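Enquirer: Have a peek at model08.cif (mmCIF, C-alpha atoms).
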```cif
data_input
loop_
_atom_site.label_atom_id
_atom_site.label_comp_id
_atom_site.auth_asym_id
_atom_site.auth_seq_id
_atom_site.Cartn_x
_atom_site.Cartn_y
_atom_site.Cartn_z
CA MET N 1 16.77 -26.65 19.22
CA LYS N 2 17.63 -26.89 15.52
CA LEU N 3 18.72 -23.86 13.52
CA GLY N 4 16.62 -25.07 10.60
CA ALA N 5 13.47 -25.03 12.74
CA ILE N 6 14.25 -21.49 13.95
CA LEU N 7 14.74 -20.27 10.40
CA LYS N 8 11.52 -21.94 9.34
CA ILE N 9 9.40 -20.51 12.13
CA THR N 10 10.76 -16.96 11.72
CA ARG N 11 9.99 -17.03 7.97
CA PRO N 12 13.20 -15.42 6.59
CA HIS N 13 11.41 -14.43 3.38
CA ASN N 14 8.95 -12.28 5.31
CA CYS N 15 11.76 -10.84 7.43
CA LEU N 16 13.65 -9.90 4.28
CA LEU N 17 10.55 -8.26 2.83
CA ALA N 18 10.18 -6.20 6.03
CA GLY N 19 13.78 -5.06 5.72
CA ILE N 20 13.34 -4.24 2.04
CA GLY N 21 10.26 -2.20 2.94
CA VAL N 22 12.41 -0.15 5.32
CA LEU N 23 15.10 0.26 2.67
CA ILE N 24 12.59 1.40 0.07
CA GLY N 25 10.99 3.82 2.52
CA SER N 26 14.36 5.40 3.27
CA ILE N 27 15.34 5.65 -0.39
CA ILE N 28 12.03 7.26 -1.35
CA SER N 29 12.31 9.71 1.53
CA VAL N 30 15.74 11.04 0.50
CA GLY N 31 15.13 10.72 -3.22
CA SER N 32 18.28 8.77 -4.12
CA ILE N 33 19.96 5.57 -3.00
CA ASN N 34 23.30 7.38 -2.97
CA GLU N 35 22.04 9.78 -0.31
CA VAL N 36 20.73 7.13 2.08
CA PRO N 37 22.69 7.25 5.37
CA GLY N 38 24.16 3.77 5.70
CA TRP N 39 24.43 3.59 9.50
CA GLU N 40 20.84 4.49 10.32
CA VAL N 41 19.30 2.44 7.53
CA THR N 42 21.39 -0.64 8.33
CA PHE N 43 20.13 -0.71 11.90
CA ALA N 44 16.59 0.06 10.73
CA PHE N 45 16.76 -2.86 8.29
CA ILE N 46 18.02 -5.20 11.02
CA ALA N 47 15.41 -3.98 13.51
CA ALA N 48 12.53 -4.53 11.09
CA ALA N 49 13.77 -7.98 10.10
CA LEU N 50 14.28 -9.12 13.70
CA ILE N 51 10.94 -7.77 14.94
CA SER N 52 9.19 -9.35 11.95
CA GLY N 53 10.83 -12.68 12.78
CA ALA N 54 9.80 -12.31 16.42
CA GLY N 55 6.22 -11.59 15.39
CA ASN N 56 6.11 -14.61 13.08
CA THR N 57 7.47 -16.83 15.84
CA VAL N 58 5.14 -15.66 18.62
CA ASN N 59 2.26 -15.95 16.16
CA ASP N 60 3.10 -19.61 15.52
CA TYR N 61 3.37 -20.11 19.28
CA ALA N 62 -0.12 -18.69 19.80
CA ASP N 63 -1.48 -20.64 16.83
CA ARG N 64 0.04 -24.01 17.74
CA GLU N 65 -3.34 -25.66 18.40
CA VAL N 66 -5.03 -24.18 15.34
CA ASP N 67 -2.04 -25.10 13.18
CA SER N 68 -2.35 -28.72 14.28
CA VAL N 69 -5.54 -28.66 12.17
CA ASN N 70 -4.86 -26.06 9.47
CA ASN N 71 -1.08 -26.34 9.04
CA PRO N 72 0.29 -29.48 10.73
CA GLU N 73 3.53 -29.12 8.76
CA ARG N 74 4.57 -25.96 10.65
CA PRO N 75 7.50 -26.31 13.07
CA ILE N 76 5.59 -26.52 16.39
CA PRO N 77 2.86 -29.03 15.45
CA ALA N 78 5.43 -30.97 13.42
CA GLY N 79 7.58 -31.33 16.55
CA GLU N 80 10.59 -29.51 15.07
CA ILE N 81 10.62 -26.96 17.90
CA SER N 82 8.86 -26.94 21.27
CA PRO N 83 6.39 -24.20 22.27
CA SER N 84 8.73 -22.98 25.04
CA GLU N 85 11.65 -22.79 22.60
CA ALA N 86 9.54 -20.84 20.13
CA LEU N 87 8.46 -18.38 22.82
CA LEU N 88 12.06 -17.88 23.96
CA THR N 89 13.15 -17.31 20.36
CA SER N 90 10.51 -14.62 19.87
CA ARG N 91 11.52 -12.81 23.06
CA ILE N 92 15.19 -12.78 22.08
CA LEU N 93 14.36 -11.45 18.63
CA PHE N 94 12.11 -8.73 20.05
CA VAL N 95 14.88 -7.58 22.43
CA PHE N 96 17.54 -7.44 19.74
CA GLY N 97 15.13 -5.79 17.31
CA ILE N 98 14.37 -2.97 19.75
CA LEU N 99 18.08 -2.67 20.55
CA SER N 100 18.81 -2.22 16.85
CA ALA N 101 16.12 0.46 16.66
CA THR N 102 17.80 2.24 19.60
CA LEU N 103 21.09 2.31 17.69
CA ILE N 104 19.46 4.30 14.87
CA GLY N 105 19.64 7.28 17.18
CA LYS N 106 16.10 8.61 16.64
CA ILE N 107 13.49 8.44 19.38
CA SER N 108 10.71 8.18 16.78
CA CYS N 109 12.23 4.93 15.47
CA LEU N 110 12.54 3.50 18.97
CA LEU N 111 8.93 4.38 19.78
CA LEU N 112 7.63 2.85 16.55
CA ALA N 113 9.68 -0.31 17.06
CA GLY N 114 8.45 -0.64 20.63
CA PHE N 115 4.84 -0.01 19.67
CA ASN N 116 4.95 -2.48 16.80
CA SER N 117 6.58 -5.14 18.99
CA GLY N 118 3.83 -4.77 21.56
CA LEU N 119 1.15 -4.84 18.87
CA LEU N 120 2.61 -8.01 17.35
CA ALA N 121 2.57 -9.76 20.72
CA TYR N 122 -0.97 -8.53 21.47
CA TYR N 123 -2.13 -9.58 18.03
CA ALA N 124 -0.80 -13.10 18.50
CA SER N 125 -2.26 -13.51 21.99
CA SER N 126 -5.66 -11.91 21.47
CA LEU N 127 -6.27 -9.48 18.64
CA LYS N 128 -6.09 -11.96 15.78
CA LYS N 129 -9.22 -13.68 17.09
CA LYS N 130 -11.21 -10.43 17.00
CA GLY N 131 -12.00 -10.54 13.30
CA LEU N 132 -11.54 -7.57 10.99
CA ILE N 133 -9.69 -5.44 13.56
CA GLY N 134 -7.00 -8.09 13.72
CA ASN N 135 -6.65 -8.05 9.94
CA LEU N 136 -6.30 -4.27 10.00
CA ALA N 137 -3.64 -4.47 12.71
CA ILE N 138 -1.47 -6.72 10.56
CA SER N 139 -2.07 -4.46 7.58
CA TYR N 140 -0.86 -1.45 9.55
CA LEU N 141 2.23 -3.36 10.66
CA VAL N 142 3.16 -4.19 7.08
CA GLY N 143 2.62 -0.62 5.92
CA SER N 144 4.60 0.75 8.85
CA THR N 145 7.83 -0.75 7.50
CA PHE N 146 7.88 2.03 4.92
CA LEU N 147 7.21 4.60 7.62
CA PHE N 148 10.03 3.16 9.70
CA GLY N 149 12.45 3.63 6.80
CA GLY N 150 11.26 7.20 6.35
CA LEU N 151 11.70 7.96 10.06
CA ALA N 152 15.23 6.56 9.99
CA VAL N 153 16.23 9.22 7.47
CA GLY N 154 13.85 11.96 8.62
CA GLY N 155 11.22 12.05 5.86
CA LEU N 156 7.62 10.82 5.58
CA GLU N 157 5.97 12.59 2.65
CA ILE N 158 5.71 10.14 -0.27
CA VAL N 159 6.30 7.17 2.03
CA GLY N 160 2.78 7.61 3.37
CA ILE N 161 1.36 6.67 -0.04
CA LEU N 162 3.52 3.55 -0.24
CA SER N 163 2.51 2.63 3.29
CA ALA N 164 -1.18 2.92 2.44
CA MET N 165 -0.77 0.76 -0.66
CA ALA N 166 1.01 -1.94 1.31
CA ALA N 167 -1.52 -1.83 4.15
CA LEU N 168 -4.56 -2.10 1.87
CA SER N 169 -3.20 -5.00 -0.19
CA THR N 170 -2.20 -6.81 2.98
CA ALA N 171 -5.68 -6.32 4.44
CA GLY N 172 -7.16 -7.93 1.35
CA ARG N 173 -4.81 -10.91 1.62
CA GLU N 174 -5.45 -11.32 5.34
CA LEU N 175 -9.17 -11.77 4.69
CA ILE N 176 -8.45 -14.36 2.01
CA LYS N 177 -6.15 -16.22 4.40
CA ASP N 178 -8.96 -16.24 6.95
CA ILE N 179 -11.22 -17.88 4.38
CA GLU N 180 -8.54 -20.53 3.86
CA ASP N 181 -8.25 -21.12 7.63
CA ILE N 182 -11.97 -21.06 8.40
CA ARG N 183 -12.16 -24.71 9.49
CA GLY N 184 -9.44 -24.42 12.10
CA ASP N 185 -10.71 -21.01 13.23
CA ARG N 186 -14.17 -22.48 13.82
CA GLU N 187 -12.73 -25.28 15.95
CA SER N 188 -10.52 -22.90 17.94
CA GLY N 189 -13.30 -20.41 18.67
CA SER N 190 -11.80 -17.63 16.61
CA GLU N 191 -14.07 -14.73 15.63
CA SER N 192 -12.62 -14.31 12.15
CA PHE N 193 -14.51 -12.11 9.72
CA PRO N 194 -15.42 -14.97 7.32
CA LEU N 195 -16.91 -16.91 10.23
CA LYS N 196 -19.05 -13.97 11.32
CA ALA N 197 -19.96 -12.49 7.94
CA GLY N 198 -19.57 -15.44 5.59
CA ARG N 199 -17.01 -16.40 2.95
CA ARG N 200 -18.66 -14.42 0.15
CA LYS N 201 -18.77 -11.15 2.09
CA ALA N 202 -15.19 -11.62 3.33
CA ALA N 203 -14.03 -12.16 -0.24
CA THR N 204 -15.91 -9.05 -1.39
CA VAL N 205 -14.39 -6.85 1.33
CA GLY N 206 -10.96 -8.29 0.53
CA MET N 207 -11.37 -7.45 -3.15
CA ILE N 208 -12.54 -3.91 -2.34
CA LEU N 209 -9.44 -3.34 -0.19
CA THR N 210 -7.24 -4.76 -2.94
CA ALA N 211 -8.87 -2.54 -5.56
CA SER N 212 -8.22 0.46 -3.29
CA ALA N 213 -4.54 -0.44 -3.18
CA ILE N 214 -4.45 -0.85 -6.96
CA ALA N 215 -6.05 2.59 -7.37
CA LEU N 216 -3.10 4.15 -5.54
CA THR N 217 -0.40 2.54 -7.70
CA PRO N 218 -0.21 5.29 -10.38
CA ILE N 219 0.23 8.10 -7.82
CA PRO N 220 4.03 7.81 -7.37
CA TYR N 221 4.42 7.96 -11.15
CA LEU N 222 1.99 10.83 -11.58
CA LEU N 223 3.81 12.81 -8.88
CA GLY N 224 7.10 12.26 -10.68
CA VAL N 225 8.62 10.28 -7.81
CA MET N 226 8.78 7.04 -9.81
CA GLY N 227 9.53 6.59 -13.50
CA LYS N 228 8.52 4.22 -16.28
CA VAL N 229 10.48 1.31 -14.84
CA TYR N 230 8.32 1.44 -11.72
CA LEU N 231 5.18 1.76 -13.83
CA GLY N 232 6.08 -1.27 -15.91
CA VAL N 233 6.87 -3.58 -13.02
CA VAL N 234 3.97 -2.40 -10.87
CA THR N 235 1.65 -3.12 -13.79
CA ILE N 236 2.74 -6.75 -13.61
CA SER N 237 2.09 -6.64 -9.88
CA VAL N 238 -1.40 -5.26 -10.48
CA GLY N 239 -2.07 -8.02 -13.00
CA THR N 240 -1.08 -10.61 -10.42
CA PHE N 241 -3.43 -9.09 -7.86
CA VAL N 242 -6.25 -9.07 -10.40
CA ALA N 243 -5.61 -12.77 -11.06
CA GLY N 244 -5.89 -13.43 -7.32
CA MET N 245 -9.13 -11.45 -7.16
CA LEU N 246 -10.61 -13.46 -10.01
CA ILE N 247 -9.71 -16.72 -8.27
CA ILE N 248 -11.33 -15.80 -4.95
CA ASN N 249 -14.33 -14.22 -6.68
CA ARG N 250 -15.02 -17.43 -8.57
CA SER N 251 -14.88 -19.69 -5.52
CA GLN N 252 -14.34 -19.26 -1.79
CA ASP N 253 -13.38 -22.84 -0.96
CA ARG N 254 -10.14 -23.62 0.91
CA GLU N 255 -8.16 -24.53 -2.19
CA SER N 256 -9.15 -21.38 -4.08
CA ALA N 257 -8.40 -19.21 -1.04
CA HIS N 258 -4.97 -20.82 -0.74
CA THR N 259 -4.21 -20.19 -4.41
CA ALA N 260 -5.48 -16.61 -4.24
CA SER N 261 -3.44 -15.93 -1.09
CA LEU N 262 -0.29 -17.22 -2.76
CA THR N 263 -1.04 -15.13 -5.84
CA TYR N 264 -1.44 -12.05 -3.64
CA LYS N 265 1.90 -12.79 -1.99
CA ILE N 266 3.59 -12.89 -5.38
CA GLY N 267 1.89 -9.63 -6.31
CA MET N 268 3.11 -7.98 -3.11
CA SER N 269 6.68 -9.15 -3.76
CA LEU N 270 6.49 -7.76 -7.30
CA GLY N 271 5.15 -4.50 -5.91
CA LEU N 272 8.08 -4.18 -3.53
CA PHE N 273 10.42 -4.95 -6.42
CA ALA N 274 8.75 -2.21 -8.45
CA PHE N 275 9.26 0.32 -5.66
CA LEU N 276 12.89 -0.74 -5.24
CA LEU N 277 13.68 -0.47 -8.96
CA GLY N 278 11.75 2.77 -9.23
CA SER N 279 13.79 4.24 -6.40
CA MET N 280 17.12 3.40 -8.00
CA LEU N 281 16.41 3.98 -11.70
#
```
As structure tokens, please, write out the structure in this file.
Expert:
Amino acid sequence: MKLGAILKITRPHNCLLAGIGVLIGSIISVGSINEVPGWEVTFAFIAAALISGAGNTVNDYADREVDSVNNPERPIPAGEISPSEALLTSRILFVFGILSATLIGKISCLLLAGFNSGLLAYYASSLKKKGLIGNLAISYLVGSTFLFGGLAVGGLEIVGILSAMAALSTAGRELIKDIEDIRGDRESGSESFPLKAGRRKAATVGMILTASAIALTPIPYLLGVMGKVYLGVVTISVGTFVAGMLIINRSQDRESAHTASLTYKIGMSLGLFAFLLGSML
């Protein structure tokens, strides 16, 4: 089993984003990066990254047949890693992720890590084929990284707003990704929302969810939690999301959905960067 294949299937970029979400949540909760307790947040960061990697891996394991149509370049269909090796990798990462959550020393963190691990496994095996509810599950999981950071340091007030913003934007992107994957989903028997409701309606719901997330972006600034640096960077993030919305509104073919999904991903990364800068400056 090659290390390169393991890194590829776990998606280190997504794992890092999960960890950064935890870090941002903890910083926002205590109000200053200098007051963040290093021990708890370090283990929370590691736990989120490992559980995210486990979820990505078990998801690829469950999607190996669909990916042979939609994404043949991914590690399992490309033959870079076997299905059994991928499943073992996910189990190891789940175990060490929950162990890291235990070391934080807060039962709430352990419970959230355990619940999210179970939800990720259930999503991969069954829930993702149930349409919109599967999209919402993933959206919750993304938003919960902020909550996890808040729990690690004992605060949840403003983090709830950040969590909602992340969850809503993710829900919008998940629907767009489903439009992109509609051919493979049809062949695999998936009950994705675009298959049941149509591409146009899925795009519309995705844009509504995205607009809801955008509507929340000024709140941290208006409440005085974030300053002008946050406002400036998050404005760029909003512009990126709007560009993605325009792309998917114009056309719902596979290429447009792919471009819009990538644009959303850039917007989400910029949004996280805005929160991080806003927390420190």
Enquirer: For the contact check between segment 197-244 of chain N and segment 252-262 of chain N, emit one row per residue of segment 197-244 of chain N within 7 Å, containing the shortest atom pair and the distance in Å rounded to one decimal, counting all atoms listed in the file, chain then rising number order, as a Markdown table.
Expert:
```
| residue | atom | partner | partner_atom | distance |
| --- | --- | --- | --- | --- |
| N:Arg199 | CA | N:Gln252 | CA | 6.1 |
| N:Arg200 | CA | N:Gln252 | CA | 6.8 |
| N:Gly244 | CA | N:Ala260 | CA | 4.4 |
```
Enquirer: Evaluate the PyMOL selection byres ((chain N and resi 159) around 7) here and jot the selected residues down as a ChimeraX atom specification.
Expert: /N:25,28-29,146-147,150,156-158,160-163
Enquirer: Nearest to Ala211 of chain N: which of N:Asn56, N:Met165, N:Leu223, N:Lys228 is it, counting all atoms listed in the file?
Expert: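 Nearest to Ala211 of chain N: N:Met165.
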Enquirer: Can you work out which one of N:Ile214, N:Arg64, N:Ala124, N:Ser139 has the shortest atom-to-atom distance to Ala167 of chain N, counting only C-alpha atoms?
Expert: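 Among the listed residues, the smallest separation from Ala167 of chain N belongs to N:Ser139.
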Enquirer: Anything within 10 Å of (-2.2, -5.0, 9.4): list those residues as a tab-separated table (two decimals) with C-alpha atoms, keeping the file's coordinate frame, counting all atoms listed in the file and sticking to the file's coordinates.
Expert:
```tsv
chain	number	residue	atom	x	y	z
N	120	LEU	CA	2.61	-8.01	17.35
N	123	TYR	CA	-2.13	-9.58	18.03
N	132	LEU	CA	-11.54	-7.57	10.99
N	133	ILE	CA	-9.69	-5.44	13.56
N	134	GLY	CA	-7.00	-8.09	13.72
N	135	ASN	CA	-6.65	-8.05	9.94
N	136	LEU	CA	-6.30	-4.27	10.00
N	137	ALA	CA	-3.64	-4.47	12.71
N	138	ILE	CA	-1.47	-6.72	10.56
N	139	SER	CA	-2.07	-4.46	7.58
N	140	TYR	CA	-0.86	-1.45	9.55
N	141	LEU	CA	2.23	-3.36	10.66
N	142	VAL	CA	3.16	-4.19	7.08
N	143	GLY	CA	2.62	-0.62	5.92
N	144	SER	CA	4.60	0.75	8.85
N	166	ALA	CA	1.01	-1.94	1.31
N	167	ALA	CA	-1.52	-1.83	4.15
N	168	LEU	CA	-4.56	-2.10	1.87
N	169	SER	CA	-3.20	-5.00	-0.19
N	170	THR	CA	-2.20	-6.81	2.98
N	171	ALA	CA	-5.68	-6.32	4.44
N	172	GLY	CA	-7.16	-7.93	1.35
N	174	GLU	CA	-5.45	-11.32	5.34
```
Enquirer: Dig up all the protein and nucleic acid residues within 10 Å of (12.7, -21.9, 15.2) in the file frame, using all atoms listed in the file, and format them as a list in words.
Expert: Met1, Lys2, Leu3, Gly4, Ala5, Ile6, Leu7, Lys8, Ile9, Thr10, Arg11, Gly53, Thr57, Asp60, Pro75, Ile76, Glu80, Ile81, Ser82, Pro83, Glu85, Ala86, Leu87, Leu88, Thr89 and Ser90 of chain N
Enquirer: Since I can't run it myself right now, could you work out what the PyMOL selection byres ((chain N and resi 22) around 7) selects here and report it as a PyMOL selection string?
Expert: chain N and resi 18-21+23-26+44-45+145-146+148-149
Enquirer: Take every atom of segment 80-83 of chain N listed in the file, pad by 6 Å on each side, and give me the axis-aligned box centre and edge lengths in Å, one decimal, as lines of an AutoDock Vina configuration file.
Expert:
```
center_x = 8.5
center_y = -26.9
center_z = 18.7
size_x = 16.2
size_y = 17.3
size_z = 19.2
```
Enquirer: As a list in words, please: the residues near Gly118 of chain N (cut-off 12 Å, all atoms listed in the file, same-chain neighbours under 5 positions excluded).
Expert: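 Result of the neighbour search: Ile51, Ser52, Ala54, Gly55, Val58, Arg91, Phe94, Val95, Ile98, Leu111, Leu112, Ala113, Tyr123, Ala124, Ser125, Ser126, Leu127, Ala137 and Leu141 of chain N.
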Enquirer: Take atom CA of Ile179 of chain N and atom CA of Ser269 of chain N and report the distance between them in Å, one decimal.
Expert: 21.5 Å
Enquirer: Name the closest residue to Tyr122 of chain N among the candidates N:Met245, N:Cys109, N:Leu175, N:Ala62; distances are taken between atoms, counting only C-alpha atoms.
Expert: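 When distances to Tyr122 of chain N are compared using only C-alpha atoms, the smallest one comes from N:Ala62.
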Enquirer: Separation of atom CA of Lys130 of chain N and atom CA of Phe96 of chain N, in Å?
Expert: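 Calculated distance between atom CA of Lys130 of chain N and atom CA of Phe96 of chain N is 29.0 Å.
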Enquirer: Have a look at N:Leu17, N:Val225, N:Ala49, N:Pro218 and name the one nearest to Phe273 of chain N; count only C-alpha atoms.
Expert: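 Of N:Leu17, N:Val225, N:Ala49, N:Pro218, the one nearest Phe273 of chain N, counting only C-alpha atoms, is N:Leu17.
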Enquirer: Show me, as a PyMOL selection string, the residues that have an atom within 10 Å of Pro37 of chain N when counting all atoms listed in the file, minus same-chain residues fewer than 4 positions from it.
Expert: chain N and resi 26-27+30+33+41-42+152-153
Enquirer: Restricting the calculation to all atoms listed in the file: of N:Ser84, N:Asn116, N:Arg183, N:Gly31, which residue gets closest to Gly224 of chain N?
Expert: N:Gly31
Enquirer: Excluding segment 236-239 of chain N and residues on its chain fewer than 6 positions from it, collect all residues at most 7 Å away from it, counting only C-alpha atoms, and give them as a PyMOL selection string.
Expert: chain N and resi 214+267-268+270-271
Enquirer: Identify, on the basis of only C-alpha atoms, every residue whose closest approach to Glu191 of chain N does not exceed 8 Å; exclude the query and any residue fewer than 5 positions from it along the same chain; express the result as a PyMOL selection string.
Expert: chain N and resi 129-131+185-186+196
Enquirer: Just need segment 41-138 of chain N in a file, please: C-alpha atoms, as a PDB file, in the first residue's frame.
Expert:
```pdb
ATOM      1  CA  VAL N  41      -7.004  22.651  20.672  1.00  0.00           C
ATOM      2  CA  THR N  42      -4.062  20.619  19.373  1.00  0.00           C
ATOM      3  CA  PHE N  43      -5.867  17.355  20.058  1.00  0.00           C
ATOM      4  CA  ALA N  44      -9.113  18.795  18.694  1.00  0.00           C
ATOM      5  CA  PHE N  45      -7.319  19.804  15.490  1.00  0.00           C
ATOM      6  CA  ILE N  46      -5.802  16.330  15.128  1.00  0.00           C
ATOM      7  CA  ALA N  47      -9.112  14.606  15.875  1.00  0.00           C
ATOM      8  CA  ALA N  48     -10.996  16.628  13.264  1.00  0.00           C
ATOM      9  CA  ALA N  49      -8.320  16.086  10.632  1.00  0.00           C
ATOM     10  CA  LEU N  50      -8.118  12.328  11.231  1.00  0.00           C
ATOM     11  CA  ILE N  51     -11.895  11.814  11.314  1.00  0.00           C
ATOM     12  CA  SER N  52     -12.246  13.899   8.152  1.00  0.00           C
ATOM     13  CA  GLY N  53      -9.616  11.742   6.453  1.00  0.00           C
ATOM     14  CA  ALA N  54     -11.402   8.602   7.636  1.00  0.00           C
ATOM     15  CA  GLY N  55     -14.691   9.890   6.259  1.00  0.00           C
ATOM     16  CA  ASN N  56     -13.134  10.745   2.900  1.00  0.00           C
ATOM     17  CA  THR N  57     -11.576   7.289   2.691  1.00  0.00           C
ATOM     18  CA  VAL N  58     -14.676   5.287   3.628  1.00  0.00           C
ATOM     19  CA  ASN N  59     -16.658   7.440   1.215  1.00  0.00           C
ATOM     20  CA  ASP N  60     -14.326   6.499  -1.634  1.00  0.00           C
ATOM     21  CA  TYR N  61     -14.625   2.867  -0.563  1.00  0.00           C
ATOM     22  CA  ALA N  62     -18.416   3.033  -0.751  1.00  0.00           C
ATOM     23  CA  ASP N  63     -18.279   4.953  -4.041  1.00  0.00           C
ATOM     24  CA  ARG N  64     -15.756   2.704  -5.789  1.00  0.00           C
ATOM     25  CA  GLU N  65     -18.258   1.471  -8.389  1.00  0.00           C
ATOM     26  CA  VAL N  66     -19.761   4.897  -9.049  1.00  0.00           C
ATOM     27  CA  ASP N  67     -16.296   6.437  -9.267  1.00  0.00           C
ATOM     28  CA  SER N  68     -15.350   3.937 -11.963  1.00  0.00           C
ATOM     29  CA  VAL N  69     -17.822   5.931 -14.100  1.00  0.00           C
ATOM     30  CA  ASN N  70     -17.706   9.458 -12.654  1.00  0.00           C
ATOM     31  CA  ASN N  71     -14.127   9.671 -11.367  1.00  0.00           C
ATOM     32  CA  PRO N  72     -11.980   6.810 -12.709  1.00  0.00           C
ATOM     33  CA  GLU N  73      -8.835   8.705 -11.701  1.00  0.00           C
ATOM     34  CA  ARG N  74      -9.524   8.278  -7.971  1.00  0.00           C
ATOM     35  CA  PRO N  75      -7.240   5.881  -6.071  1.00  0.00           C
ATOM     36  CA  ILE N  76      -9.521   2.800  -5.876  1.00  0.00           C
ATOM     37  CA  PRO N  77     -10.784   2.659  -9.480  1.00  0.00           C
ATOM     38  CA  ALA N  78      -7.310   3.666 -10.673  1.00  0.00           C
ATOM     39  CA  GLY N  79      -5.851   0.640  -8.872  1.00  0.00           C
ATOM     40  CA  GLU N  80      -3.588   2.686  -6.593  1.00  0.00           C
ATOM     41  CA  ILE N  81      -5.132   1.168  -3.457  1.00  0.00           C
ATOM     42  CA  SER N  82      -7.379  -1.863  -2.985  1.00  0.00           C
ATOM     43  CA  PRO N  83     -10.875  -1.595  -1.479  1.00  0.00           C
ATOM     44  CA  SER N  84      -9.812  -3.645   1.574  1.00  0.00           C
ATOM     45  CA  GLU N  85      -6.788  -1.398   2.136  1.00  0.00           C
ATOM     46  CA  ALA N  86      -8.969   1.698   1.893  1.00  0.00           C
ATOM     47  CA  LEU N  87     -11.447   0.279   4.411  1.00  0.00           C
ATOM     48  CA  LEU N  88      -8.644  -0.604   6.832  1.00  0.00           C
ATOM     49  CA  THR N  89      -7.186   2.886   6.460  1.00  0.00           C
ATOM     50  CA  SER N  90     -10.526   4.492   7.315  1.00  0.00           C
ATOM     51  CA  ARG N  91     -10.963   2.321  10.408  1.00  0.00           C
ATOM     52  CA  ILE N  92      -7.493   3.165  11.702  1.00  0.00           C
ATOM     53  CA  LEU N  93      -8.087   6.875  11.164  1.00  0.00           C
ATOM     54  CA  PHE N  94     -11.470   6.739  12.917  1.00  0.00           C
ATOM     55  CA  VAL N  95      -9.911   5.010  15.952  1.00  0.00           C
ATOM     56  CA  PHE N  96      -7.048   7.474  16.264  1.00  0.00           C
ATOM     57  CA  GLY N  97      -9.390  10.409  15.661  1.00  0.00           C
ATOM     58  CA  ILE N  98     -11.671   9.366  18.517  1.00  0.00           C
ATOM     59  CA  LEU N  99      -8.622   8.704  20.700  1.00  0.00           C
ATOM     60  CA  SER N 100      -7.419  12.242  20.042  1.00  0.00           C
ATOM     61  CA  ALA N 101     -10.858  13.569  20.981  1.00  0.00           C
ATOM     62  CA  THR N 102     -10.639  11.607  24.247  1.00  0.00           C
ATOM     63  CA  LEU N 103      -7.343  13.330  25.072  1.00  0.00           C
ATOM     64  CA  ILE N 104      -9.037  16.743  24.945  1.00  0.00           C
ATOM     65  CA  GLY N 105     -10.521  15.869  28.313  1.00  0.00           C
ATOM     66  CA  LYS N 106     -14.113  16.971  27.635  1.00  0.00           C
ATOM     67  CA  ILE N 107     -16.928  14.449  27.340  1.00  0.00           C
ATOM     68  CA  SER N 108     -18.796  16.746  24.942  1.00  0.00           C
ATOM     69  CA  CYS N 109     -15.893  16.571  22.475  1.00  0.00           C
ATOM     70  CA  LEU N 110     -15.727  12.788  22.722  1.00  0.00           C
ATOM     71  CA  LEU N 111     -19.471  12.469  22.140  1.00  0.00           C
ATOM     72  CA  LEU N 112     -19.399  14.796  19.131  1.00  0.00           C
ATOM     73  CA  ALA N 113     -16.403  12.993  17.634  1.00  0.00           C
ATOM     74  CA  GLY N 114     -18.073   9.620  18.129  1.00  0.00           C
ATOM     75  CA  PHE N 115     -21.376  10.810  16.690  1.00  0.00           C
ATOM     76  CA  ASN N 116     -19.731  12.402  13.666  1.00  0.00           C
ATOM     77  CA  SER N 117     -17.648   9.283  13.017  1.00  0.00           C
ATOM     78  CA  GLY N 118     -20.763   7.139  13.041  1.00  0.00           C
ATOM     79  CA  LEU N 119     -22.602   9.602  10.817  1.00  0.00           C
ATOM     80  CA  LEU N 120     -19.735   9.649   8.304  1.00  0.00           C
ATOM     81  CA  ALA N 121     -19.743   5.855   8.092  1.00  0.00           C
ATOM     82  CA  TYR N 122     -23.547   5.739   7.797  1.00  0.00           C
ATOM     83  CA  TYR N 123     -23.493   8.456   5.172  1.00  0.00           C
ATOM     84  CA  ALA N 124     -20.994   6.543   3.050  1.00  0.00           C
ATOM     85  CA  SER N 125     -22.833   3.226   3.340  1.00  0.00           C
ATOM     86  CA  SER N 126     -26.403   4.410   2.954  1.00  0.00           C
ATOM     87  CA  LEU N 127     -27.366   8.008   3.641  1.00  0.00           C
ATOM     88  CA  LYS N 128     -25.658   9.579   0.641  1.00  0.00           C
ATOM     89  CA  LYS N 129     -28.035   7.726  -1.671  1.00  0.00           C
ATOM     90  CA  LYS N 130     -31.095   9.186   0.076  1.00  0.00           C
ATOM     91  CA  GLY N 131     -31.026  12.513  -1.716  1.00  0.00           C
ATOM     92  CA  LEU N 132     -31.341  15.836   0.076  1.00  0.00           C
ATOM     93  CA  ILE N 133     -31.042  14.352   3.577  1.00  0.00           C
ATOM     94  CA  GLY N 134     -27.602  13.064   2.658  1.00  0.00           C
ATOM     95  CA  ASN N 135     -26.564  16.519   1.467  1.00  0.00           C
ATOM     96  CA  LEU N 136     -27.768  18.025   4.735  1.00  0.00           C
ATOM     97  CA  ALA N 137     -25.837  15.433   6.747  1.00  0.00           C
ATOM     98  CA  ILE N 138     -22.575  16.420   5.076  1.00  0.00           C
TER      99      ILE N 138
END
```
